[in-house]
Structure formats: structure tokens, C-alpha cells
Amino acid sequence: MKVLVTGGCGYVGSNIVAALGAHGYTIGILDNLATSSHAVVADLQAKVDAQLAFFETDVTDREALKDAVKVFSPEVVIHCAGLKSIADSWHNPLAYFNVNVAGTINLLEAMEQAGCSRLIFSSSATVYGDPEFLPITEDHPLVPINPYGRSKLMAEAVMHDWQRAADGRGVAALRYFNPVGAHHDYLLGDNPKTPANNLFPIICQVLAGQKDSLSILGDDYPTPDGTGERDYIHVTDLSEAHIRAIAKTATPAFLVLNIGTGKPSSVKQVIAQFERHSNVPITTRIEAKRPGDVATSFASNERSLDMLGDYVGKTIEDAVASSLQAAGLKQQS
Ligand code: UDP
């Protein structure tokens, strides 16, 4: 079966490509290389046991996108291409709506033209906004509190309307909690070309000596140790969830699934794990909370476990160990 991954050179996309390769799919990658390079494509090709078709295409380039989707002619598209920084989305909201929403419309048009009716979407728990209750279920109110989250929610709405507009269309919107870690063989870690904003890559930068200290952004949250709590899901488990979701898109429906472990970890707990695995103390500084950050966010993954089976095979310790390995940092044996 032919599967096209948009954003297939990015952190999540490349891990999905690795999983598709291991499952014997015929893979197309469509990426504008904004956050990666031809070297990433070559590296993926060398590691994935399948011939990759690569299209250097931007999802905002409507005509080029149509051509690429038509040439590859996928049965399923996994749509990971998009902008993903909450902070950046405040400065460049139009870019977020252009890439994440207009880019999605372009993709759906291109799919229609190529006769493709099955889609899996990289959505985000950011669509929920401030949690009104925990764990967050898929029925939680959708009140995103930043342009990034709004762009993901708008893209979901576009896909939902597209899905029900014709017979035979199947869409699965996977709402990721916090993807972390790296693939054990491929070392496809979260190593952005653009400045890192997320906790795991920043800790790796501190351990690599690229940063002096880690800023703990708030230590007076109403959590057991005062620091923010998140649901960190190993990226290979997240990839596995996509592989399992492929079959679900054969049934005409718009499926919304949280992808998370269902368990929160605090910033201090994550730091302790990194210190334990690296045996290197991490210098920290307490700083002000990041605007818009919530105290605690974690998934109810009941629905996704029910639909996809148990895709949560790894622990936060595995995620920390693989992040260190991917960043080329020594681990405590
Ligand atoms: N965080 C932190 N220092 C940083 C970056 C993040 O203390 O330099 C905290 C942040 O406040 C949150 C957690 O780490 O509680 C996860 O942040 P991340 O940006 O990785 O994910 P998100 O907040 O988008 O869920």
C-alpha cells in the first residue's frame, strides 16, 4: 500500500516513515525541507528498508502539491507538514493559518484530484486549551488559547467537513500530547534547525554544553512539586499509533483520538530522569511561567487504546535514554 507522509523529514514525520518502512509500506515523502535538509532524506533512505519517493514541495504551493500527489498516487496520506511553535504563532499568525489551514485545504484538493480518500492528521492536544478537567477526553471543550492551536482546530474542522461531503472518505485526527524520545536504530531525534522551545531538546542542549542552564518555567504551579506536568509519549509509540490508524481510515468516518500515555510527569521528574541516565547534574534556574502554559495536561487515552490496541509500549525512562542516545550524549550504563 502506498502512503504519502507530508512533513516526512521532520521529527514526527521521519519517525513515522521509519515505522512505515518496517511495516513494508511503499512510502512517499513530501517536505519543503524548511526544518531539515537533503541529508535527512538521504539518511532516511539509507536506513529505511524501502524505496522512498521524495517530493521537495511546500503545501502552500497548490499546483506543485497537486502534481506531487497525483504522481505518487497514495492510498493514504499522513499529514504532518505544518508549523508547530506556539511562541512563533503569536508573532506570525498568518503564517500559521496559511501553512496549517490553507495548506490542508490544498492537500485535500490534491487528494481529491488524485482519487485519494484516506487521511491521518497530526493534530495536537493544544486544541483543548486550558484543561477544564483531567484527564482530557476527546469530548473536552475545544478552546485553543494560541494561534497555533486555533490553526490545528480549524484544519480539523476543514477535514471533518471534507470527510462528510462525499461517500467513502476516512479521516483520523490524532491529537498528540507531548511527543519525545527517538527511534532506537534510526536516532531520529527532535533536533530542530530552528531554536528549540521544548523541554527534552533543551535539556539535551544543556547536557551537551550548548546552554549553561535549564530554565524551569514556573515552580509554583498547583502540582505536587510546583512544576508543570505533561503527558510525554515516546515518538515510536506515536508512530505505531499512526500505523494502526491506517486501517481505521478504510471505514468512512471522522475519528478523533488522543495519543498519549495517560500519565503526567513534572518538569522536575523529567530533569531527575535525565540526571539519572546521564549521571550529569543539570544546572537549573527558576524563571517566570511562559504565557499561556497550563499547570497540568494529560490524556485520557481510553478511546485510542480501545480503537488501536495498546500502542504505549515505552516509558519515560526509555524516552530519556533514547533522547540522550540520539543527541550523542553518553549514558550511564
Ligand atoms: N519547560 C520548562 N523549561 C523550558 C521549556 C519547557 O520548564 O525551557 C516546561 C514547560 O513549562 C512545560 C513542560 O516543560 O511545563 C513541557 O514544555 P514543552 O514546551 O516541551 O511542551 P508544551 O508546554 O508545549 O506542552
# chains A, B, ... in the order shown; residues from 1 in each chain; ligands from 1

$ residues_around --residues "Ala173 of chain A" --least-positions-apart "2" --cutoff "7 Å" --atoms "only C-alpha atoms" --output "PDB file with N, CA, C and O atoms, in the first residue's frame"
ATOM      1  N   ILE A 120      -4.714  10.718   7.606  1.00  0.00           N
ATOM      2  CA  ILE A 120      -4.417  10.769   9.049  1.00  0.00           C
ATOM      3  C   ILE A 120      -3.774  12.119   9.304  1.00  0.00           C
ATOM      4  O   ILE A 120      -2.852  12.516   8.573  1.00  0.00           O
ATOM      5  N   PHE A 121      -4.249  12.817  10.311  1.00  0.00           N
ATOM      6  CA  PHE A 121      -3.779  14.179  10.555  1.00  0.00           C
ATOM      7  C   PHE A 121      -3.047  14.279  11.888  1.00  0.00           C
ATOM      8  O   PHE A 121      -3.536  13.805  12.909  1.00  0.00           O
ATOM      9  N   SER A 122      -1.875  14.946  11.837  1.00  0.00           N
ATOM     10  CA  SER A 122      -1.109  15.288  13.041  1.00  0.00           C
ATOM     11  C   SER A 122      -1.795  16.440  13.730  1.00  0.00           C
ATOM     12  O   SER A 122      -1.514  17.600  13.418  1.00  0.00           O
ATOM     13  N   SER A 123      -2.684  16.145  14.655  1.00  0.00           N
ATOM     14  CA  SER A 123      -3.292  17.236  15.403  1.00  0.00           C
ATOM     15  C   SER A 123      -2.604  17.326  16.765  1.00  0.00           C
ATOM     16  O   SER A 123      -1.591  16.665  17.004  1.00  0.00           O
ATOM     17  N   GLU A 156      -8.718  20.753  11.495  1.00  0.00           N
ATOM     18  CA  GLU A 156      -9.590  19.606  11.814  1.00  0.00           C
ATOM     19  C   GLU A 156     -11.004  19.845  11.275  1.00  0.00           C
ATOM     20  O   GLU A 156     -11.627  18.937  10.717  1.00  0.00           O
ATOM     21  N   VAL A 171     -11.110   9.822   7.753  1.00  0.00           N
ATOM     22  CA  VAL A 171     -10.092  10.719   8.330  1.00  0.00           C
ATOM     23  C   VAL A 171      -9.903  10.373   9.807  1.00  0.00           C
ATOM     24  O   VAL A 171     -10.875  10.173  10.536  1.00  0.00           O
ATOM     25  N   ARG A 175      -4.701  13.566  18.083  1.00  0.00           N
ATOM     26  CA  ARG A 175      -4.314  14.710  18.920  1.00  0.00           C
ATOM     27  C   ARG A 175      -3.166  14.298  19.825  1.00  0.00           C
ATOM     28  O   ARG A 175      -3.370  13.629  20.849  1.00  0.00           O
ATOM     29  N   LEU A 255     -12.596  10.324  12.705  1.00  0.00           N
ATOM     30  CA  LEU A 255     -12.218   9.771  14.003  1.00  0.00           C
ATOM     31  C   LEU A 255     -11.283  10.747  14.699  1.00  0.00           C
ATOM     32  O   LEU A 255     -10.330  11.225  14.095  1.00  0.00           O
ATOM     33  N   VAL A 256     -11.563  11.026  15.969  1.00  0.00           N
ATOM     34  CA  VAL A 256     -10.667  11.900  16.747  1.00  0.00           C
ATOM     35  C   VAL A 256     -10.115  11.079  17.901  1.00  0.00           C
ATOM     36  O   VAL A 256     -10.879  10.510  18.679  1.00  0.00           O
ATOM     37  N   LEU A 257      -8.792  11.003  17.995  1.00  0.00           N
ATOM     38  CA  LEU A 257      -8.173  10.186  19.040  1.00  0.00           C
ATOM     39  C   LEU A 257      -7.053  10.943  19.735  1.00  0.00           C
ATOM     40  O   LEU A 257      -6.154  11.473  19.067  1.00  0.00           O
TER      41      LEU A 257
END

$ closest_atom_pairs --of "segment 64-179 of chain A" --to "segment 304-315 of chain A" --cutoff "12 Å" --atoms "only C-alpha atoms" --output "Markdown table"
| residue | atom | partner | partner_atom | distance |
| --- | --- | --- | --- | --- |
| A:Thr137 | CA | A:Ser304 | CA | 10.3 |
| A:Glu138 | CA | A:Ser304 | CA | 9.7 |
| A:Ala172 | CA | A:Ser304 | CA | 10.8 |
| A:Ala173 | CA | A:Ser304 | CA | 11.0 |
| A:Leu174 | CA | A:Ser304 | CA | 9.0 |
| A:Arg175 | CA | A:Ser304 | CA | 10.1 |
| A:Tyr176 | CA | A:Ser304 | CA | 11.2 |
| A:Pro179 | CA | A:Lys314 | CA | 12.0 |

$ write_last_selection --atoms "N, CA and C atoms" --output "PDB file, in the first residue's frame"
ATOM      1  N   THR A 137     -10.411  14.237  27.859  1.00  0.00           N
ATOM      2  CA  THR A 137     -11.011  13.295  26.899  1.00  0.00           C
ATOM      3  C   THR A 137     -11.208  14.025  25.567  1.00  0.00           C
ATOM      4  N   GLU A 138     -11.533  13.262  24.536  1.00  0.00           N
ATOM      5  CA  GLU A 138     -11.768  13.853  23.218  1.00  0.00           C
ATOM      6  C   GLU A 138     -13.002  14.743  23.227  1.00  0.00           C
ATOM      7  N   ALA A 172      -8.652  10.304  10.234  1.00  0.00           N
ATOM      8  CA  ALA A 172      -8.346  10.152  11.666  1.00  0.00           C
ATOM      9  C   ALA A 172      -7.493  11.343  12.094  1.00  0.00           C
ATOM     10  N   ALA A 173      -8.028  12.160  12.995  1.00  0.00           N
ATOM     11  CA  ALA A 173      -7.247  13.269  13.556  1.00  0.00           C
ATOM     12  C   ALA A 173      -6.651  12.768  14.865  1.00  0.00           C
ATOM     13  N   LEU A 174      -5.332  12.684  14.907  1.00  0.00           N
ATOM     14  CA  LEU A 174      -4.658  12.186  16.108  1.00  0.00           C
ATOM     15  C   LEU A 174      -4.149  13.393  16.894  1.00  0.00           C
ATOM     16  N   ARG A 175      -4.701  13.566  18.083  1.00  0.00           N
ATOM     17  CA  ARG A 175      -4.314  14.710  18.920  1.00  0.00           C
ATOM     18  C   ARG A 175      -3.166  14.298  19.825  1.00  0.00           C
ATOM     19  N   TYR A 176      -1.958  14.719  19.410  1.00  0.00           N
ATOM     20  CA  TYR A 176      -0.752  14.332  20.149  1.00  0.00           C
ATOM     21  C   TYR A 176      -0.678  15.106  21.453  1.00  0.00           C
ATOM     22  N   PRO A 179       5.088  14.528  22.213  1.00  0.00           N
ATOM     23  CA  PRO A 179       5.983  13.512  21.646  1.00  0.00           C
ATOM     24  C   PRO A 179       7.436  13.783  22.041  1.00  0.00           C
TER      25      PRO A 179
END

$ select_by_dssp --residues "segment 44-273 of chain A" --states "strand (DSSP E)" --output "PyMOL selection string"
chain A and resi 52-56+76-79+118-124+170-176+178-180+214-217+229-230+232-234+253-259+265-266

$ write_last_selection --atoms "N, CA and C atoms" --output "CSV table (one decimal), in the first residue's frame"
chain,number,residue,atom,x,y,z
A,52,LEU,N,12.2,5.1,-1.2
A,52,LEU,CA,11.4,6.3,-0.9
A,52,LEU,C,11.2,7.2,-2.1
A,53,ALA,N,10.0,7.7,-2.3
A,53,ALA,CA,9.8,8.7,-3.4
A,53,ALA,C,9.8,10.0,-2.6
A,54,PHE,N,10.7,10.9,-3.1
A,54,PHE,CA,10.7,12.2,-2.3
A,54,PHE,C,10.3,13.4,-3.2
A,55,PHE,N,9.4,14.2,-2.7
A,55,PHE,CA,8.9,15.4,-3.4
A,55,PHE,C,9.3,16.6,-2.5
A,56,GLU,N,10.2,17.5,-3.0
A,56,GLU,CA,10.5,18.7,-2.3
A,56,GLU,C,9.5,19.7,-2.7
A,76,VAL,N,-3.3,6.4,1.1
A,76,VAL,CA,-3.4,7.1,2.4
A,76,VAL,C,-2.4,8.2,2.5
A,77,VAL,N,-2.9,9.3,3.0
A,77,VAL,CA,-1.9,10.4,3.3
A,77,VAL,C,-1.8,10.6,4.8
A,78,ILE,N,-0.6,10.7,5.3
A,78,ILE,CA,-0.4,11.1,6.7
A,78,ILE,C,0.1,12.5,6.7
A,79,HIS,N,-0.7,13.5,7.2
A,79,HIS,CA,-0.4,14.9,7.1
A,79,HIS,C,0.3,15.5,8.3
A,118,ARG,N,-8.3,8.8,2.0
A,118,ARG,CA,-8.0,8.4,3.4
A,118,ARG,C,-6.9,9.3,3.9
A,119,LEU,N,-7.1,9.8,5.1
A,119,LEU,CA,-6.1,10.8,5.7
A,119,LEU,C,-6.0,10.6,7.2
A,120,ILE,N,-4.7,10.7,7.6
A,120,ILE,CA,-4.4,10.8,9.0
A,120,ILE,C,-3.8,12.1,9.3
A,121,PHE,N,-4.2,12.8,10.3
A,121,PHE,CA,-3.8,14.2,10.6
A,121,PHE,C,-3.0,14.3,11.9
A,122,SER,N,-1.9,14.9,11.8
A,122,SER,CA,-1.1,15.3,13.0
A,122,SER,C,-1.8,16.4,13.7
A,123,SER,N,-2.7,16.1,14.7
A,123,SER,CA,-3.3,17.2,15.4
A,123,SER,C,-2.6,17.3,16.8
A,124,SER,N,-3.1,18.1,17.6
A,124,SER,CA,-2.4,18.4,18.9
A,124,SER,C,-3.4,18.6,20.0
A,170,GLY,N,-12.3,8.6,4.8
A,170,GLY,CA,-12.0,8.3,6.1
A,170,GLY,C,-10.9,9.1,6.6
A,171,VAL,N,-11.1,9.8,7.8
A,171,VAL,CA,-10.1,10.7,8.3
A,171,VAL,C,-9.9,10.4,9.8
A,172,ALA,N,-8.7,10.3,10.2
A,172,ALA,CA,-8.3,10.2,11.7
A,172,ALA,C,-7.5,11.3,12.1
A,173,ALA,N,-8.0,12.2,13.0
A,173,ALA,CA,-7.2,13.3,13.6
A,173,ALA,C,-6.7,12.8,14.9
A,174,LEU,N,-5.3,12.7,14.9
A,174,LEU,CA,-4.7,12.2,16.1
A,174,LEU,C,-4.1,13.4,16.9
A,175,ARG,N,-4.7,13.6,18.1
A,175,ARG,CA,-4.3,14.7,18.9
A,175,ARG,C,-3.2,14.3,19.8
A,176,TYR,N,-2.0,14.7,19.4
A,176,TYR,CA,-0.8,14.3,20.1
A,176,TYR,C,-0.7,15.1,21.5
A,178,ASN,N,2.6,15.1,24.3
A,178,ASN,CA,4.0,15.6,24.1
A,178,ASN,C,4.9,14.6,23.5
A,179,PRO,N,5.1,14.5,22.2
A,179,PRO,CA,6.0,13.5,21.6
A,179,PRO,C,7.4,13.8,22.0
A,180,VAL,N,8.1,12.8,22.5
A,180,VAL,CA,9.5,12.9,22.9
A,180,VAL,C,10.3,11.6,22.6
A,214,LEU,N,19.2,25.2,32.4
A,214,LEU,CA,17.8,25.0,32.0
A,214,LEU,C,16.9,25.9,32.8
A,215,SER,N,16.1,26.6,32.2
A,215,SER,CA,15.1,27.5,32.9
A,215,SER,C,13.9,26.6,33.2
A,216,ILE,N,13.6,26.6,34.5
A,216,ILE,CA,12.4,25.9,34.9
A,216,ILE,C,11.3,27.0,34.9
A,217,LEU,N,10.4,26.9,33.9
A,217,LEU,CA,9.4,28.0,33.7
A,217,LEU,C,8.3,27.9,34.7
A,229,GLU,N,3.2,19.8,34.6
A,229,GLU,CA,3.1,18.4,34.3
A,229,GLU,C,2.5,18.2,32.9
A,230,ARG,N,3.2,17.3,32.1
A,230,ARG,CA,2.7,16.9,30.8
A,230,ARG,C,2.7,15.4,30.6
A,232,TYR,N,4.1,12.8,28.3
A,232,TYR,CA,5.2,12.6,27.4
A,232,TYR,C,5.0,11.2,26.7
A,233,ILE,N,4.8,11.2,25.4
A,233,ILE,CA,4.6,10.0,24.7
A,233,ILE,C,5.8,9.7,23.8
A,234,HIS,N,6.3,8.5,23.9
A,234,HIS,CA,7.5,8.2,23.1
A,234,HIS,C,7.2,8.2,21.6
A,253,ALA,N,-15.4,7.7,8.1
A,253,ALA,CA,-15.7,8.3,9.4
A,253,ALA,C,-14.7,9.4,9.7
A,254,PHE,N,-15.1,10.3,10.6
A,254,PHE,CA,-14.1,11.3,11.1
A,254,PHE,C,-13.8,10.8,12.5
A,255,LEU,N,-12.6,10.3,12.7
A,255,LEU,CA,-12.2,9.8,14.0
A,255,LEU,C,-11.3,10.7,14.7
A,256,VAL,N,-11.6,11.0,16.0
A,256,VAL,CA,-10.7,11.9,16.7
A,256,VAL,C,-10.1,11.1,17.9
A,257,LEU,N,-8.8,11.0,18.0
A,257,LEU,CA,-8.2,10.2,19.0
A,257,LEU,C,-7.1,10.9,19.7
A,258,ASN,N,-7.1,11.0,21.1
A,258,ASN,CA,-5.9,11.5,21.8
A,258,ASN,C,-4.8,10.4,21.7
A,259,ILE,N,-3.6,10.9,21.6
A,259,ILE,CA,-2.5,10.0,21.6
A,259,ILE,C,-1.5,10.4,22.7
A,265,SER,N,4.0,13.7,33.9
A,265,SER,CA,5.3,13.8,34.6
A,265,SER,C,5.6,15.3,34.7
A,266,SER,N,6.3,15.6,35.8
A,266,SER,CA,6.6,17.1,36.0
A,266,SER,C,7.9,17.4,35.4

$ residues_near_ligand --ligand "ligand 1" --cutoff "8 Å" --atoms "only C-alpha atoms and all ligand atoms" --output "ChimeraX atom specification"
/A:86,126,177-178,197-200,202-203,214-218,227-230,266-267,289-290,293-297

$ residues_around --residues "Cys9 of chain A" --least-positions-apart "4" --cutoff "12 Å" --atoms "only C-alpha atoms" --output "ChimeraX atom specification"
/A:4-5,13-18,28-45,52,54-57,79-82,188-193
